[in-house]
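Enquirer: My file is entry.txt. It has compact mmCIF, N, CA and C atoms:
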# COMPACT_ATOMS: atom_id res chain seq x y z
N MET U 1 52.34 102.78 157.45
CA MET U 1 52.39 103.81 158.46
C MET U 1 52.01 103.29 159.84
N ILE U 2 51.15 102.30 159.87
CA ILE U 2 50.76 101.75 161.17
C ILE U 2 51.98 101.17 161.87
N LYS U 3 52.85 100.51 161.10
CA LYS U 3 54.05 99.97 161.73
C LYS U 3 54.89 101.07 162.36
N ASN U 4 55.02 102.21 161.67
CA ASN U 4 55.76 103.32 162.23
C ASN U 4 55.10 103.83 163.50
N THR U 5 53.78 103.94 163.49
CA THR U 5 53.06 104.38 164.67
C THR U 5 53.32 103.42 165.83
N ARG U 6 53.24 102.13 165.55
CA ARG U 6 53.48 101.14 166.61
C ARG U 6 54.90 101.25 167.13
N LEU U 7 55.87 101.42 166.25
CA LEU U 7 57.25 101.54 166.68
C LEU U 7 57.44 102.76 167.57
N ASN U 8 56.88 103.89 167.16
CA ASN U 8 57.01 105.09 167.97
C ASN U 8 56.40 104.90 169.34
N ILE U 9 55.27 104.24 169.39
CA ILE U 9 54.62 104.01 170.68
C ILE U 9 55.48 103.08 171.53
N LYS U 10 56.01 102.05 170.91
CA LYS U 10 56.85 101.12 171.67
C LYS U 10 58.09 101.82 172.21
N THR U 11 58.71 102.68 171.42
CA THR U 11 59.93 103.31 171.88
C THR U 11 59.68 104.32 172.98
N ARG U 12 58.45 104.74 173.13
CA ARG U 12 58.13 105.64 174.23
C ARG U 12 57.84 104.89 175.53
N GLY U 13 58.00 103.61 175.53
CA GLY U 13 57.88 102.85 176.76
C GLY U 13 56.49 102.35 177.07
N VAL U 14 55.59 102.33 176.09
CA VAL U 14 54.24 101.86 176.35
C VAL U 14 54.22 100.36 176.54
N LEU U 15 54.92 99.64 175.66
CA LEU U 15 54.92 98.19 175.73
C LEU U 15 56.28 97.69 176.21
N HIS U 16 56.25 96.79 177.12
CA HIS U 16 57.45 96.14 177.61
C HIS U 16 57.19 94.65 177.60
N HIS U 17 58.19 93.88 177.27
CA HIS U 17 58.02 92.43 177.32
C HIS U 17 58.12 91.97 178.77
N SER U 18 57.32 90.98 179.09
CA SER U 18 57.28 90.51 180.47
C SER U 18 58.52 89.69 180.80
N HIS U 19 58.87 89.73 182.05
CA HIS U 19 59.92 88.89 182.57
C HIS U 19 59.25 87.82 183.42
N LYS U 20 59.86 86.69 183.52
CA LYS U 20 59.27 85.58 184.24
C LYS U 20 58.88 86.01 185.66
N GLY U 21 57.61 85.78 186.00
CA GLY U 21 57.13 86.09 187.33
C GLY U 21 56.72 87.54 187.54
N GLN U 22 56.89 88.37 186.53
CA GLN U 22 56.54 89.78 186.68
C GLN U 22 55.12 90.03 186.19
N ASN U 23 54.33 90.76 186.98
CA ASN U 23 52.98 91.14 186.54
C ASN U 23 53.09 92.24 185.50
N MET U 24 52.25 92.15 184.49
CA MET U 24 52.25 93.17 183.45
C MET U 24 51.32 94.29 183.87
N GLY U 25 51.46 95.42 183.23
CA GLY U 25 50.74 96.61 183.62
C GLY U 25 49.37 96.76 182.98
N LYS U 26 48.71 97.82 183.42
CA LYS U 26 47.39 98.18 182.89
C LYS U 26 47.58 99.28 181.86
N LEU U 27 47.09 99.02 180.67
CA LEU U 27 47.18 99.98 179.58
C LEU U 27 45.78 100.49 179.27
N LEU U 28 45.62 101.80 179.28
CA LEU U 28 44.35 102.42 178.91
C LEU U 28 44.56 103.13 177.58
N ILE U 29 43.72 102.79 176.62
CA ILE U 29 43.76 103.43 175.31
C ILE U 29 42.46 104.21 175.14
N VAL U 30 42.59 105.49 174.83
CA VAL U 30 41.42 106.34 174.60
C VAL U 30 41.38 106.64 173.11
N LEU U 31 40.26 106.31 172.49
CA LEU U 31 40.09 106.51 171.05
C LEU U 31 38.98 107.53 170.81
N PHE U 32 39.30 108.54 170.00
CA PHE U 32 38.33 109.58 169.65
C PHE U 32 37.89 109.51 168.19
N SER U 33 38.56 108.71 167.37
CA SER U 33 38.36 108.70 165.92
C SER U 33 37.33 107.67 165.48
N PRO U 34 36.54 108.02 164.46
CA PRO U 34 35.58 107.05 163.91
C PRO U 34 36.30 106.03 163.04
N PRO U 35 35.61 104.94 162.69
CA PRO U 35 36.23 103.95 161.81
C PRO U 35 36.46 104.54 160.42
N MET U 36 37.51 104.10 159.78
CA MET U 36 37.80 104.40 158.38
C MET U 36 38.20 105.85 158.09
N LEU U 37 38.20 106.74 159.05
CA LEU U 37 38.54 108.13 158.77
C LEU U 37 40.05 108.38 158.83
N SER U 38 40.72 107.66 159.68
CA SER U 38 42.17 107.82 159.84
C SER U 38 42.75 106.47 160.20
N GLN U 39 44.03 106.45 160.42
CA GLN U 39 44.71 105.22 160.83
C GLN U 39 44.58 104.96 162.32
N ASN U 40 43.96 105.87 163.04
CA ASN U 40 43.91 105.74 164.49
C ASN U 40 43.24 104.45 164.95
N THR U 41 42.12 104.10 164.34
CA THR U 41 41.42 102.88 164.76
C THR U 41 42.29 101.66 164.52
N ASP U 42 42.92 101.58 163.35
CA ASP U 42 43.82 100.45 163.07
C ASP U 42 45.00 100.42 164.04
N ALA U 43 45.54 101.58 164.36
CA ALA U 43 46.66 101.64 165.30
C ALA U 43 46.24 101.14 166.67
N VAL U 44 45.04 101.54 167.11
CA VAL U 44 44.53 101.07 168.41
C VAL U 44 44.35 99.56 168.41
N LEU U 45 43.78 99.03 167.34
CA LEU U 45 43.56 97.58 167.26
C LEU U 45 44.88 96.83 167.28
N GLU U 46 45.87 97.30 166.54
CA GLU U 46 47.18 96.63 166.49
C GLU U 46 47.92 96.76 167.82
N LEU U 47 47.89 97.94 168.42
CA LEU U 47 48.54 98.13 169.71
C LEU U 47 47.91 97.23 170.76
N THR U 48 46.59 97.14 170.74
CA THR U 48 45.89 96.30 171.71
C THR U 48 46.27 94.83 171.54
N LYS U 49 46.28 94.36 170.30
CA LYS U 49 46.68 92.96 170.07
C LYS U 49 48.08 92.69 170.59
N ALA U 50 49.00 93.60 170.31
CA ALA U 50 50.39 93.42 170.77
C ALA U 50 50.49 93.45 172.29
N ALA U 51 49.76 94.36 172.92
CA ALA U 51 49.80 94.46 174.38
C ALA U 51 49.21 93.22 175.04
N VAL U 52 48.10 92.73 174.52
CA VAL U 52 47.47 91.52 175.07
C VAL U 52 48.41 90.33 174.89
N LYS U 53 49.04 90.26 173.75
CA LYS U 53 49.94 89.14 173.46
C LYS U 53 51.08 89.02 174.48
N ILE U 54 51.56 90.15 174.98
CA ILE U 54 52.66 90.08 175.95
C ILE U 54 52.18 90.20 177.39
N GLY U 55 50.85 90.14 177.58
CA GLY U 55 50.33 90.01 178.93
C GLY U 55 49.78 91.24 179.60
N HIS U 56 49.65 92.34 178.89
CA HIS U 56 49.07 93.55 179.50
C HIS U 56 47.56 93.41 179.64
N GLU U 57 47.02 94.07 180.64
CA GLU U 57 45.58 94.22 180.79
C GLU U 57 45.21 95.51 180.05
N VAL U 58 44.33 95.40 179.07
CA VAL U 58 44.03 96.55 178.22
C VAL U 58 42.57 96.95 178.33
N THR U 59 42.35 98.25 178.45
CA THR U 59 41.02 98.83 178.42
C THR U 59 41.01 99.86 177.30
N ILE U 60 39.98 99.82 176.46
CA ILE U 60 39.81 100.82 175.41
C ILE U 60 38.57 101.62 175.73
N PHE U 61 38.72 102.94 175.78
CA PHE U 61 37.60 103.84 176.03
C PHE U 61 37.33 104.60 174.74
N CYS U 62 36.13 104.42 174.19
CA CYS U 62 35.74 105.10 172.94
C CYS U 62 34.89 106.31 173.26
N ASP U 63 35.35 107.46 172.79
CA ASP U 63 34.65 108.71 173.06
C ASP U 63 34.43 109.46 171.75
N ILE U 64 33.56 110.41 171.76
CA ILE U 64 33.20 111.24 170.61
C ILE U 64 32.81 110.31 169.45
N ASP U 65 33.38 110.51 168.25
CA ASP U 65 32.99 109.70 167.10
C ASP U 65 33.52 108.27 167.12
N ALA U 66 34.39 107.96 168.05
CA ALA U 66 34.91 106.59 168.15
C ALA U 66 33.82 105.60 168.53
N VAL U 67 32.70 106.08 169.08
CA VAL U 67 31.62 105.16 169.43
C VAL U 67 31.07 104.45 168.19
N TYR U 68 31.23 105.05 167.01
CA TYR U 68 30.77 104.40 165.78
C TYR U 68 31.55 103.11 165.47
N ASN U 69 32.73 102.95 166.04
CA ASN U 69 33.51 101.73 165.85
C ASN U 69 32.83 100.51 166.47
N LEU U 70 31.90 100.75 167.37
CA LEU U 70 31.34 99.68 168.19
C LEU U 70 29.94 99.24 167.79
N LEU U 71 29.46 99.71 166.66
CA LEU U 71 28.11 99.35 166.21
C LEU U 71 28.08 97.90 165.72
N ALA U 72 27.20 97.11 166.31
CA ALA U 72 27.10 95.69 165.94
C ALA U 72 26.71 95.52 164.48
N LYS U 73 25.91 96.42 163.94
CA LYS U 73 25.47 96.28 162.55
C LYS U 73 26.61 96.47 161.55
N GLN U 74 27.77 96.89 162.02
CA GLN U 74 28.91 97.04 161.13
C GLN U 74 29.73 95.76 161.00
N ILE U 75 29.31 94.71 161.65
CA ILE U 75 29.95 93.41 161.43
C ILE U 75 29.31 92.81 160.19
N LEU U 76 30.12 92.63 159.17
CA LEU U 76 29.62 92.15 157.89
C LEU U 76 30.18 90.77 157.59
N PRO U 77 29.37 89.88 157.00
CA PRO U 77 29.87 88.54 156.68
C PRO U 77 31.02 88.62 155.67
N ASN U 78 32.03 87.84 155.92
CA ASN U 78 33.19 87.71 155.02
C ASN U 78 33.96 89.01 154.82
N GLN U 79 33.85 89.95 155.75
CA GLN U 79 34.62 91.18 155.68
C GLN U 79 35.21 91.49 157.05
N SER U 80 36.42 91.98 157.02
CA SER U 80 37.06 92.41 158.26
C SER U 80 36.78 93.90 158.45
N THR U 81 36.01 94.22 159.47
CA THR U 81 35.67 95.60 159.76
C THR U 81 36.20 95.97 161.15
N PRO U 82 36.33 97.26 161.44
CA PRO U 82 36.73 97.62 162.80
C PRO U 82 35.82 97.00 163.86
N ALA U 83 34.52 96.98 163.60
CA ALA U 83 33.60 96.40 164.59
C ALA U 83 33.90 94.92 164.82
N SER U 84 34.19 94.18 163.76
CA SER U 84 34.49 92.75 163.94
C SER U 84 35.80 92.57 164.70
N LYS U 85 36.75 93.47 164.47
CA LYS U 85 38.03 93.39 165.20
C LYS U 85 37.84 93.73 166.67
N PHE U 86 37.01 94.71 166.97
CA PHE U 86 36.71 95.02 168.37
C PHE U 86 36.00 93.85 169.03
N ALA U 87 35.10 93.20 168.31
CA ALA U 87 34.40 92.03 168.87
C ALA U 87 35.39 90.93 169.23
N GLN U 88 36.40 90.71 168.40
CA GLN U 88 37.42 89.70 168.69
C GLN U 88 38.22 90.07 169.94
N LEU U 89 38.55 91.35 170.08
CA LEU U 89 39.29 91.79 171.27
C LEU U 89 38.46 91.60 172.53
N ILE U 90 37.17 91.87 172.44
CA ILE U 90 36.29 91.65 173.60
C ILE U 90 36.32 90.19 174.00
N LYS U 91 36.34 89.30 173.02
CA LYS U 91 36.41 87.86 173.31
C LYS U 91 37.72 87.47 173.98
N GLN U 92 38.75 88.30 173.80
CA GLN U 92 40.06 88.07 174.43
C GLN U 92 40.18 88.81 175.76
N ASP U 93 39.06 89.19 176.34
CA ASP U 93 38.99 89.86 177.64
C ASP U 93 39.53 91.28 177.65
N VAL U 94 39.57 91.94 176.50
CA VAL U 94 39.87 93.36 176.48
C VAL U 94 38.59 94.09 176.87
N ARG U 95 38.70 95.01 177.82
CA ARG U 95 37.53 95.78 178.23
C ARG U 95 37.36 96.93 177.24
N VAL U 96 36.17 97.02 176.67
CA VAL U 96 35.86 98.09 175.72
C VAL U 96 34.70 98.88 176.30
N LEU U 97 34.93 100.17 176.49
CA LEU U 97 33.93 101.05 177.08
C LEU U 97 33.53 102.11 176.07
N ALA U 98 32.27 102.51 176.11
CA ALA U 98 31.75 103.56 175.25
C ALA U 98 31.19 104.68 176.11
N CYS U 99 31.53 105.90 175.77
CA CYS U 99 31.01 107.05 176.49
C CYS U 99 29.50 107.15 176.25
N ARG U 100 28.75 107.09 177.32
CA ARG U 100 27.29 107.14 177.26
C ARG U 100 26.81 108.42 176.60
N GLU U 101 27.39 109.56 176.98
CA GLU U 101 26.94 110.85 176.46
C GLU U 101 27.30 111.01 174.98
N SER U 102 28.46 110.54 174.57
CA SER U 102 28.83 110.60 173.15
C SER U 102 27.87 109.77 172.31
N ALA U 103 27.50 108.60 172.81
CA ALA U 103 26.54 107.76 172.10
C ALA U 103 25.17 108.43 172.03
N ARG U 104 24.72 108.97 173.15
CA ARG U 104 23.41 109.62 173.21
C ARG U 104 23.33 110.80 172.24
N LEU U 105 24.38 111.60 172.20
CA LEU U 105 24.39 112.77 171.32
C LEU U 105 24.37 112.39 169.84
N ARG U 106 24.75 111.16 169.53
CA ARG U 106 24.75 110.67 168.15
C ARG U 106 23.54 109.79 167.86
N GLY U 107 22.62 109.73 168.81
CA GLY U 107 21.40 108.96 168.62
C GLY U 107 21.61 107.46 168.70
N LEU U 108 22.65 107.04 169.41
CA LEU U 108 22.98 105.61 169.50
C LEU U 108 22.65 105.09 170.89
N ASP U 109 22.20 103.84 170.93
CA ASP U 109 21.85 103.17 172.18
C ASP U 109 22.90 102.10 172.47
N VAL U 110 23.71 102.35 173.49
CA VAL U 110 24.81 101.44 173.82
C VAL U 110 24.29 100.02 174.06
N LYS U 111 23.20 99.89 174.79
CA LYS U 111 22.71 98.56 175.17
C LYS U 111 22.13 97.78 174.00
N ASN U 112 21.55 98.48 173.01
CA ASN U 112 20.86 97.77 171.93
C ASN U 112 21.57 97.79 170.59
N GLU U 113 22.47 98.74 170.37
CA GLU U 113 23.10 98.85 169.06
C GLU U 113 24.58 98.49 169.04
N PHE U 114 25.19 98.41 170.20
CA PHE U 114 26.63 98.18 170.25
C PHE U 114 26.96 96.69 170.36
N LEU U 115 28.20 96.38 170.13
CA LEU U 115 28.67 95.00 170.21
C LEU U 115 28.39 94.42 171.59
N LYS U 116 28.14 93.13 171.62
CA LYS U 116 27.97 92.43 172.89
C LYS U 116 29.28 92.54 173.67
N GLY U 117 29.17 92.97 174.91
CA GLY U 117 30.35 93.07 175.76
C GLY U 117 30.86 94.50 175.93
N VAL U 118 30.38 95.43 175.11
CA VAL U 118 30.75 96.83 175.27
C VAL U 118 30.06 97.36 176.52
N VAL U 119 30.80 98.07 177.34
CA VAL U 119 30.28 98.59 178.60
C VAL U 119 30.00 100.09 178.45
N GLU U 120 28.80 100.49 178.83
CA GLU U 120 28.43 101.90 178.84
C GLU U 120 29.21 102.59 179.96
N SER U 121 29.80 103.74 179.66
CA SER U 121 30.66 104.39 180.64
C SER U 121 30.49 105.90 180.58
N SER U 122 31.37 106.61 181.29
CA SER U 122 31.26 108.07 181.37
C SER U 122 32.65 108.69 181.47
N LEU U 123 32.70 110.01 181.30
CA LEU U 123 33.98 110.70 181.44
C LEU U 123 34.49 110.64 182.87
N GLY U 124 33.59 110.59 183.83
CA GLY U 124 34.00 110.41 185.22
C GLY U 124 34.73 109.10 185.42
N ARG U 125 34.19 108.04 184.82
CA ARG U 125 34.84 106.72 184.89
C ARG U 125 36.17 106.75 184.16
N LEU U 126 36.25 107.49 183.04
CA LEU U 126 37.51 107.62 182.33
C LEU U 126 38.58 108.23 183.22
N ALA U 127 38.22 109.24 183.99
CA ALA U 127 39.18 109.86 184.92
C ALA U 127 39.68 108.84 185.94
N GLU U 128 38.80 107.99 186.44
CA GLU U 128 39.20 106.94 187.38
C GLU U 128 40.15 105.94 186.71
N LEU U 129 39.81 105.55 185.49
CA LEU U 129 40.66 104.61 184.76
C LEU U 129 42.04 105.18 184.51
N MET U 130 42.11 106.48 184.24
CA MET U 130 43.40 107.12 184.01
C MET U 130 44.25 107.09 185.28
N GLU U 131 43.62 107.23 186.42
CA GLU U 131 44.34 107.15 187.70
C GLU U 131 44.88 105.74 187.95
N GLN U 132 44.13 104.72 187.53
CA GLN U 132 44.49 103.33 187.80
C GLN U 132 45.49 102.76 186.80
N ALA U 133 45.56 103.35 185.62
CA ALA U 133 46.39 102.78 184.54
C ALA U 133 47.87 103.09 184.76
N ASP U 134 48.70 102.15 184.30
CA ASP U 134 50.14 102.38 184.31
C ASP U 134 50.55 103.27 183.14
N ARG U 135 49.83 103.14 182.03
CA ARG U 135 50.09 103.94 180.83
C ARG U 135 48.75 104.31 180.21
N VAL U 136 48.68 105.53 179.68
CA VAL U 136 47.51 106.00 178.96
C VAL U 136 47.98 106.50 177.60
N VAL U 137 47.32 106.03 176.55
CA VAL U 137 47.64 106.47 175.21
C VAL U 137 46.34 106.90 174.56
N ALA U 138 46.35 108.08 173.93
CA ALA U 138 45.14 108.61 173.30
C ALA U 138 45.36 108.76 171.80
N PHE U 139 44.33 108.43 171.04
CA PHE U 139 44.35 108.56 169.58
C PHE U 139 43.15 109.40 169.19
N GLY U 140 43.40 110.54 168.54
CA GLY U 140 42.28 111.37 168.16
C GLY U 140 42.59 112.21 166.94
N PRO U 141 41.58 112.96 166.55
CA PRO U 141 41.73 113.79 165.35
C PRO U 141 42.76 114.89 165.56
If you convert what's in this file into structure tokens, what do you get?
Expert:
Amino acid sequence: MIKNTRLNIKTRGVLHHSHKGQNMGKLLIVLFSPPMLSQNTDAVLELTKAAVKIGHEVTIFCDIDAVYNLLAKQILPNQSTPASKFAQLIKQDVRVLACRESARLRGLDVKNEFLKGVVESSLGRLAELMEQADRVVAFGP
């Protein structure tokens, strides 16, 4: 099903292959879903990898229960988890932001419990990012 989701997203014009000398666009992905509850997290991870591969600048904003995807303690040895996949994307210069208020309401501390490189953010900042992005795609319940 993830492949179908990716295809549908591609056909809607989210991803375009670069042409020589052309700057690629800014893609903002907003995720509302927690890990393992739906295919949304996997779809976001796959879309992000594909977008980065063809040269897009990608920002992922995690809001509501999606902040649980970013817990450092969910990186487990010898297992591929959403948290470990997000950590790899951060290493590839994908900006990953977590809503400060969503984390606070769930008793989570962005600075001490989240993956290294996750940036604490706000809905106000999300509005700014939406203005700056060439494409915005949201995944939620």
Enquirer: Would you please give, as a list in words, all residues of chain U that DSSP assigns to strand (DSSP E or B) based on the backbone?
Expert: Lys26, Leu27, Leu28, Ile29, Val30, Leu31, Glu57, Val58, Thr59, Ile60, Phe61, Cys62, Leu71, Arg95, Val96, Leu97, Ala98, Cys99, Phe114, Val119, Glu120, Ser121, Arg135, Val136, Val137, Ala138 and Phe139 of chain U
Enquirer: Between atom C of Leu129 (chain U) and atom C of Lys26 (chain U), what is the distance, to one decimal in Å?
Expert: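 Result for atom C of Leu129 (chain U) versus atom C of Lys26 (chain U): 8.5 Å, one decimal.
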Enquirer: Please list as a list in words every residue within 6 Å of region 71-83 of chain U, counting all atoms listed in the file and excluding residues in the same chain fewer than 3 positions away.
Expert: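 Using all atoms listed in the file, the neighbours found are Val67, Tyr68, Phe86, Ala87, Glu113, Phe114 and Leu115 of chain U.
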Enquirer: To one decimal place, how far is CA of Glu101 (chain U) from CA of Ala66 (chain U) in Å?
Expert: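 Between these atoms lies a distance of 12.3 Å.
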Enquirer: Ranking U:Leu70, U:Leu28, U:Ala50, U:Ile64 by minimum distance to Met130 (chain U) and counting all atoms listed in the file, which one comes first?
Expert: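 So, comparing all the options, the nearest one is U:Leu28.
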Enquirer: Which is closer to Leu126 (chain U) than all the others in U:Leu45, U:Cys99, U:Val52, U:Met24, using only C-alpha atoms?
Expert: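 Of all the options, U:Cys99 lies closest to Leu126 (chain U).
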Enquirer: If I take CA of Gln132 (chain U) and atom C of Glu57 (chain U), how far is one from the other in Å, to one decimal?
Expert: 11.0 Å
